[in-house]
>>> print(open('run05.pdb').read())   # PDB, C-alpha atoms, pLDDT in the B column
ATOM      1  CA  ARG Z   1     -24.143 -46.414   6.209  1.00 78.00           C
ATOM      2  CA  SER Z   2     -25.801 -43.009   6.583  1.00 82.00           C
ATOM      3  CA  LYS Z   3     -25.359 -43.201  10.364  1.00 81.00           C
ATOM      4  CA  ALA Z   4     -21.653 -43.929   9.946  1.00 76.00           C
ATOM      5  CA  LEU Z   5     -21.258 -41.040   7.474  1.00 74.00           C
ATOM      6  CA  ALA Z   6     -23.092 -38.654   9.808  1.00 75.00           C
ATOM      7  CA  GLU Z   7     -20.785 -39.673  12.662  1.00 74.00           C
ATOM      8  CA  LEU Z   8     -17.694 -39.085  10.529  1.00 68.00           C
ATOM      9  CA  GLU Z   9     -18.943 -35.666   9.426  1.00 69.00           C
ATOM     10  CA  SER Z  10     -19.570 -34.615  13.024  1.00 68.00           C
ATOM     11  CA  ARG Z  11     -15.985 -35.320  14.094  1.00 66.00           C
ATOM     12  CA  TRP Z  12     -13.827 -32.230  14.334  1.00 61.00           C
ATOM     13  CA  TYR Z  13     -10.622 -34.227  14.062  1.00 69.00           C
ATOM     14  CA  THR Z  14     -10.800 -35.366  10.465  1.00 75.00           C
ATOM     15  CA  GLY Z  15      -7.627 -34.742   8.491  1.00 82.00           C
ATOM     16  CA  GLU Z  16      -9.237 -31.888   6.600  1.00 82.00           C
ATOM     17  CA  ALA Z  17     -10.460 -30.222   9.798  1.00 82.00           C
ATOM     18  CA  ILE Z  18      -7.042 -30.552  11.428  1.00 86.00           C
ATOM     19  CA  VAL Z  19      -5.302 -28.942   8.449  1.00 88.00           C
ATOM     20  CA  ARG Z  20      -7.914 -26.167   8.368  1.00 87.00           C
ATOM     21  CA  GLU Z  21      -7.403 -25.385  12.077  1.00 86.00           C
ATOM     22  CA  LEU Z  22      -3.603 -25.427  11.837  1.00 88.00           C
ATOM     23  CA  ARG Z  23      -3.669 -23.107   8.798  1.00 89.00           C
ATOM     24  CA  ARG Z  24      -5.431 -20.465  10.895  1.00 88.00           C
ATOM     25  CA  TRP Z  25      -2.548 -20.436  13.367  1.00 88.00           C
ATOM     26  CA  LYS Z  26       0.054 -17.947  12.179  1.00 89.00           C
ATOM     27  CA  ALA Z  27       3.683 -17.023  12.709  1.00 86.00           C
ATOM     28  CA  VAL Z  28       4.313 -13.289  12.755  1.00 86.00           C
ATOM     29  CA  ARG Z  29       7.581 -11.466  12.067  1.00 87.00           C
ATOM     30  CA  ALA Z  30       8.175  -7.987  13.515  1.00 85.00           C
ATOM     31  CA  THR Z  31      11.140  -5.674  14.080  1.00 86.00           C
ATOM     32  CA  PHE Z  32      11.454  -3.583  17.228  1.00 84.00           C
ATOM     33  CA  LEU Z  33      14.544  -1.785  18.624  1.00 86.00           C
ATOM     34  CA  ASP Z  34      16.838  -3.379  16.013  1.00 86.00           C
ATOM     35  CA  LYS Z  35      15.681  -6.876  16.903  1.00 86.00           C
ATOM     36  CA  GLU Z  36      13.618  -9.145  14.712  1.00 88.00           C
ATOM     37  CA  PHE Z  37      11.033 -11.230  16.520  1.00 85.00           C
ATOM     38  CA  VAL Z  38       9.240 -14.290  15.209  1.00 86.00           C
ATOM     39  CA  SER Z  39       6.255 -15.236  17.292  1.00 86.00           C
ATOM     40  CA  VAL Z  40       3.060 -17.234  16.952  1.00 87.00           C
ATOM     41  CA  THR Z  41      -0.447 -15.966  17.403  1.00 88.00           C
ATOM     42  CA  LYS Z  42      -2.424 -17.262  20.370  1.00 88.00           C
ATOM     43  CA  ALA Z  43      -3.398 -20.883  19.787  1.00 88.00           C
ATOM     44  CA  LYS Z  44      -7.115 -21.622  19.905  1.00 88.00           C
ATOM     45  CA  ASP Z  45      -8.282 -24.491  22.093  1.00 89.00           C
ATOM     46  CA  SER Z  46      -8.772 -26.646  18.997  1.00 85.00           C
ATOM     47  CA  VAL Z  47      -5.142 -26.103  17.955  1.00 88.00           C
ATOM     48  CA  LYS Z  48      -3.957 -26.932  21.471  1.00 89.00           C
ATOM     49  CA  ALA Z  49      -6.028 -30.137  21.393  1.00 86.00           C
ATOM     50  CA  ILE Z  50      -4.539 -31.128  18.036  1.00 85.00           C
ATOM     51  CA  LEU Z  51      -0.976 -30.514  19.225  1.00 87.00           C
ATOM     52  CA  THR Z  52      -1.624 -32.412  22.464  1.00 89.00           C
ATOM     53  CA  SER Z  53      -3.095 -35.389  20.622  1.00 83.00           C
ATOM     54  CA  LEU Z  54      -0.017 -35.462  18.361  1.00 83.00           C
ATOM     55  CA  GLY Z  55       2.356 -35.217  21.329  1.00 90.00           C
ATOM     56  CA  ILE Z  56       3.653 -31.807  20.237  1.00 89.00           C
ATOM     57  CA  PRO Z  57       4.113 -29.231  22.989  1.00 89.00           C
ATOM     58  CA  THR Z  58       2.600 -25.792  22.446  1.00 86.00           C
ATOM     59  CA  PRO Z  59       5.535 -23.485  21.637  1.00 82.00           C
ATOM     60  CA  ASN Z  60       6.340 -20.326  23.529  1.00 80.00           C
ATOM     61  CA  LYS Z  61       4.797 -17.197  22.044  1.00 81.00           C
ATOM     62  CA  THR Z  62       8.190 -15.909  20.874  1.00 77.00           C
ATOM     63  CA  LEU Z  63      10.024 -18.394  18.672  1.00 75.00           C
ATOM     64  CA  SER Z  64      13.181 -16.411  17.992  1.00 74.00           C
ATOM     65  CA  VAL Z  65      14.845 -13.050  18.458  1.00 80.00           C
ATOM     66  CA  THR Z  66      17.718 -11.976  16.232  1.00 84.00           C
ATOM     67  CA  LYS Z  67      19.516  -8.775  15.396  1.00 84.00           C
ATOM     68  CA  ALA Z  68      17.616  -7.074  12.598  1.00 75.00           C
ATOM     69  CA  GLN Z  69      19.213  -7.127   9.169  1.00 74.00           C
ATOM     70  CA  HIS Z  70      19.518  -3.604   7.799  1.00 60.00           C
ATOM     71  CA  MET Z  71      19.379  -3.181   4.075  1.00 52.00           C
ATOM     72  CA  THR Z  72      22.078  -0.920   2.679  1.00 50.00           C
ATOM     73  CA  SER Z  73      21.845   0.863  -0.626  1.00 50.00           C
ATOM     74  CA  ALA Z  74      24.286  -0.041  -3.370  1.00 53.00           C
ATOM     75  CA  GLU Z  75      26.835   2.669  -4.099  1.00 44.00           C
TER      76      GLU Z  75
END
>>> encode(input="run05.pdb", output="structure tokens")
Amino acid sequence: RSKALAELESRWYTGEAIVRELRRWKAVRATFLDKEFVSVTKAKDSVKAILTSLGIPTPNKTLSVTKAQHMTSAE
């Protein structure tokens, strides 16, 4: 039993470890030249391995670009 538990603890792909790795991967929103960009930070090798094992392609760095929404003051 202790050997089996040690083997399970050494695996990086437990559910908890997968969630922990994916939480470190971030989406970032920025505005530049009246355009709003949503992009993801660079995926670590562990994140790439998780996505590959789930059959999910690694997304492009930039997820979307839209015209920035300008806030206007109420008159």
>>> atom_distance(input="run05.pdb", atom1="atom CA of Z:Pro59", atom2="atom CA of Z:Thr41")
10.5 Å
>>> closest_residue(input="run05.pdb", among="Z:Val65, Z:Ala43, Z:Val38, Z:Ala6", to="Z:Arg24", atoms="only C-alpha atoms")
Z:Ala43
>>> resolve_selection(input="run05.pdb", expression="the PyMOL selection byres ((chain Z and resi 66) around 7)", output="MDAnalysis selection string")
chainID Z and resid 35:37 64:65 67:68
>>> closest_residue(input="run05.pdb", among="Z:Leu33, Z:Ile56, Z:Val40, Z:Val47", to="Z:Glu21", atoms="all atoms listed in the file")
Z:Val47
>>> residues_around(input="run05.pdb", residues="Z:Lys44", least_positions_apart="5", cutoff="12 Å", atoms="all atoms listed in the file", output="list in words")
Glu21, Leu22, Arg23, Arg24, Trp25, Lys26, Ala49, Ile50, Leu51 and Thr58 of chain Z
>>> write_last_selection(input="run05.pdb", atoms="C-alpha atoms", output="JSON list (two decimals), in the frame of the given file")
[["chain", "number", "residue", "atom", "x", "y", "z"],
["Z", 21, "GLU", "CA", -7.40, -25.38, 12.08],
["Z", 22, "LEU", "CA", -3.60, -25.43, 11.84],
["Z", 23, "ARG", "CA", -3.67, -23.11, 8.80],
["Z", 24, "ARG", "CA", -5.43, -20.46, 10.90],
["Z", 25, "TRP", "CA", -2.55, -20.44, 13.37],
["Z", 26, "LYS", "CA", 0.05, -17.95, 12.18],
["Z", 49, "ALA", "CA", -6.03, -30.14, 21.39],
["Z", 50, "ILE", "CA", -4.54, -31.13, 18.04],
["Z", 51, "LEU", "CA", -0.98, -30.51, 19.23],
["Z", 58, "THR", "CA", 2.60, -25.79, 22.45]]
>>> residues_around(input="run05.pdb", residues="Z:Ser39", least_positions_apart="6", cutoff="9 Å", atoms="only C-alpha atoms", output="number ranges by chain")
Z: 26-30, 60-65
>>> decode(input="run05.pdb", residues="chain Z", atoms="C-alpha atoms", output="mmCIF file, in the first residue's frame")
data_model
loop_
_atom_site.group_PDB
_atom_site.id
_atom_site.type_symbol
_atom_site.label_atom_id
_atom_site.label_comp_id
_atom_site.auth_asym_id
_atom_site.auth_seq_id
_atom_site.Cartn_x
_atom_site.Cartn_y
_atom_site.Cartn_z
ATOM 1 C CA ARG Z 1 0.000 0.000 0.000
ATOM 2 C CA SER Z 2 2.759 2.482 0.845
ATOM 3 C CA LYS Z 3 4.444 1.758 -2.496
ATOM 4 C CA ALA Z 4 1.198 2.457 -4.344
ATOM 5 C CA LEU Z 5 0.672 5.708 -2.403
ATOM 6 C CA ALA Z 6 4.243 6.828 -3.106
ATOM 7 C CA GLU Z 7 3.719 6.166 -6.820
ATOM 8 C CA LEU Z 8 0.495 8.179 -6.843
ATOM 9 C CA GLU Z 9 2.143 11.090 -5.033
ATOM 10 C CA SER Z 10 5.001 11.169 -7.538
ATOM 11 C CA ARG Z 11 2.674 11.572 -10.524
ATOM 12 C CA TRP Z 12 2.423 15.119 -11.797
ATOM 13 C CA TYR Z 13 -0.869 14.451 -13.544
ATOM 14 C CA THR Z 14 -3.167 14.010 -10.579
ATOM 15 C CA GLY Z 15 -6.350 16.055 -10.778
ATOM 16 C CA GLU Z 16 -5.091 18.467 -8.149
ATOM 17 C CA ALA Z 17 -1.775 18.978 -9.948
ATOM 18 C CA ILE Z 18 -3.523 19.563 -13.273
ATOM 19 C CA VAL Z 19 -5.820 22.202 -11.769
ATOM 20 C CA ARG Z 20 -2.856 23.856 -10.036
ATOM 21 C CA GLU Z 21 -0.881 24.065 -13.305
ATOM 22 C CA LEU Z 22 -3.829 25.394 -15.313
ATOM 23 C CA ARG Z 23 -4.550 28.067 -12.675
ATOM 24 C CA ARG Z 24 -1.063 29.491 -13.213
ATOM 25 C CA TRP Z 25 -1.813 30.064 -16.892
ATOM 26 C CA LYS Z 26 -3.412 33.477 -17.295
ATOM 27 C CA ALA Z 27 -5.433 35.493 -19.778
ATOM 28 C CA VAL Z 28 -4.413 39.135 -19.972
ATOM 29 C CA ARG Z 29 -6.488 42.075 -21.205
ATOM 30 C CA ALA Z 30 -4.767 45.210 -22.534
ATOM 31 C CA THR Z 31 -5.737 48.264 -24.583
ATOM 32 C CA PHE Z 32 -3.414 49.710 -27.209
ATOM 33 C CA LEU Z 33 -4.219 52.180 -30.035
ATOM 34 C CA ASP Z 34 -7.973 51.998 -29.329
ATOM 35 C CA LYS Z 35 -7.995 48.218 -29.576
ATOM 36 C CA GLU Z 36 -8.570 45.820 -26.725
ATOM 37 C CA PHE Z 37 -6.483 42.668 -26.813
ATOM 38 C CA VAL Z 38 -7.081 39.475 -24.878
ATOM 39 C CA SER Z 39 -4.101 37.180 -24.895
ATOM 40 C CA VAL Z 40 -2.716 34.294 -22.878
ATOM 41 C CA THR Z 41 0.612 34.154 -21.143
ATOM 42 C CA LYS Z 42 3.200 31.724 -22.482
ATOM 43 C CA ALA Z 43 2.180 28.166 -21.645
ATOM 44 C CA LYS Z 44 4.696 26.171 -19.629
ATOM 45 C CA ASP Z 45 5.642 22.721 -20.891
ATOM 46 C CA SER Z 46 3.453 21.145 -18.209
ATOM 47 C CA VAL Z 47 0.415 23.103 -19.434
ATOM 48 C CA LYS Z 48 1.158 22.101 -23.026
ATOM 49 C CA ALA Z 49 1.388 18.449 -21.940
ATOM 50 C CA ILE Z 50 -1.948 18.680 -20.128
ATOM 51 C CA LEU Z 51 -3.677 20.265 -23.125
ATOM 52 C CA THR Z 52 -2.155 17.694 -25.489
ATOM 53 C CA SER Z 53 -3.251 14.789 -23.303
ATOM 54 C CA LEU Z 54 -6.794 16.213 -23.253
ATOM 55 C CA GLY Z 55 -6.810 16.714 -27.027
ATOM 56 C CA ILE Z 56 -7.035 20.502 -26.701
ATOM 57 C CA PRO Z 57 -4.850 22.518 -29.063
ATOM 58 C CA THR Z 58 -2.691 25.251 -27.554
ATOM 59 C CA PRO Z 59 -4.398 28.544 -28.469
ATOM 60 C CA ASN Z 60 -2.713 31.376 -30.299
ATOM 61 C CA LYS Z 61 -1.173 33.989 -28.023
ATOM 62 C CA THR Z 62 -3.815 36.572 -28.966
ATOM 63 C CA LEU Z 63 -7.352 35.335 -28.376
ATOM 64 C CA SER Z 64 -9.279 38.384 -29.542
ATOM 65 C CA VAL Z 65 -8.934 41.964 -30.699
ATOM 66 C CA THR Z 66 -11.859 44.366 -30.494
ATOM 67 C CA LYS Z 67 -12.395 48.088 -30.678
ATOM 68 C CA ALA Z 68 -11.873 49.508 -27.208
ATOM 69 C CA GLN Z 69 -14.962 50.652 -25.348
ATOM 70 C CA HIS Z 70 -14.566 54.250 -24.214
ATOM 71 C CA MET Z 71 -16.353 55.281 -21.082
ATOM 72 C CA THR Z 72 -18.228 58.558 -21.385
ATOM 73 C CA SER Z 73 -19.183 60.728 -18.464
ATOM 74 C CA ALA Z 74 -22.848 61.256 -17.696
ATOM 75 C CA GLU Z 75 -24.070 64.770 -18.430
#
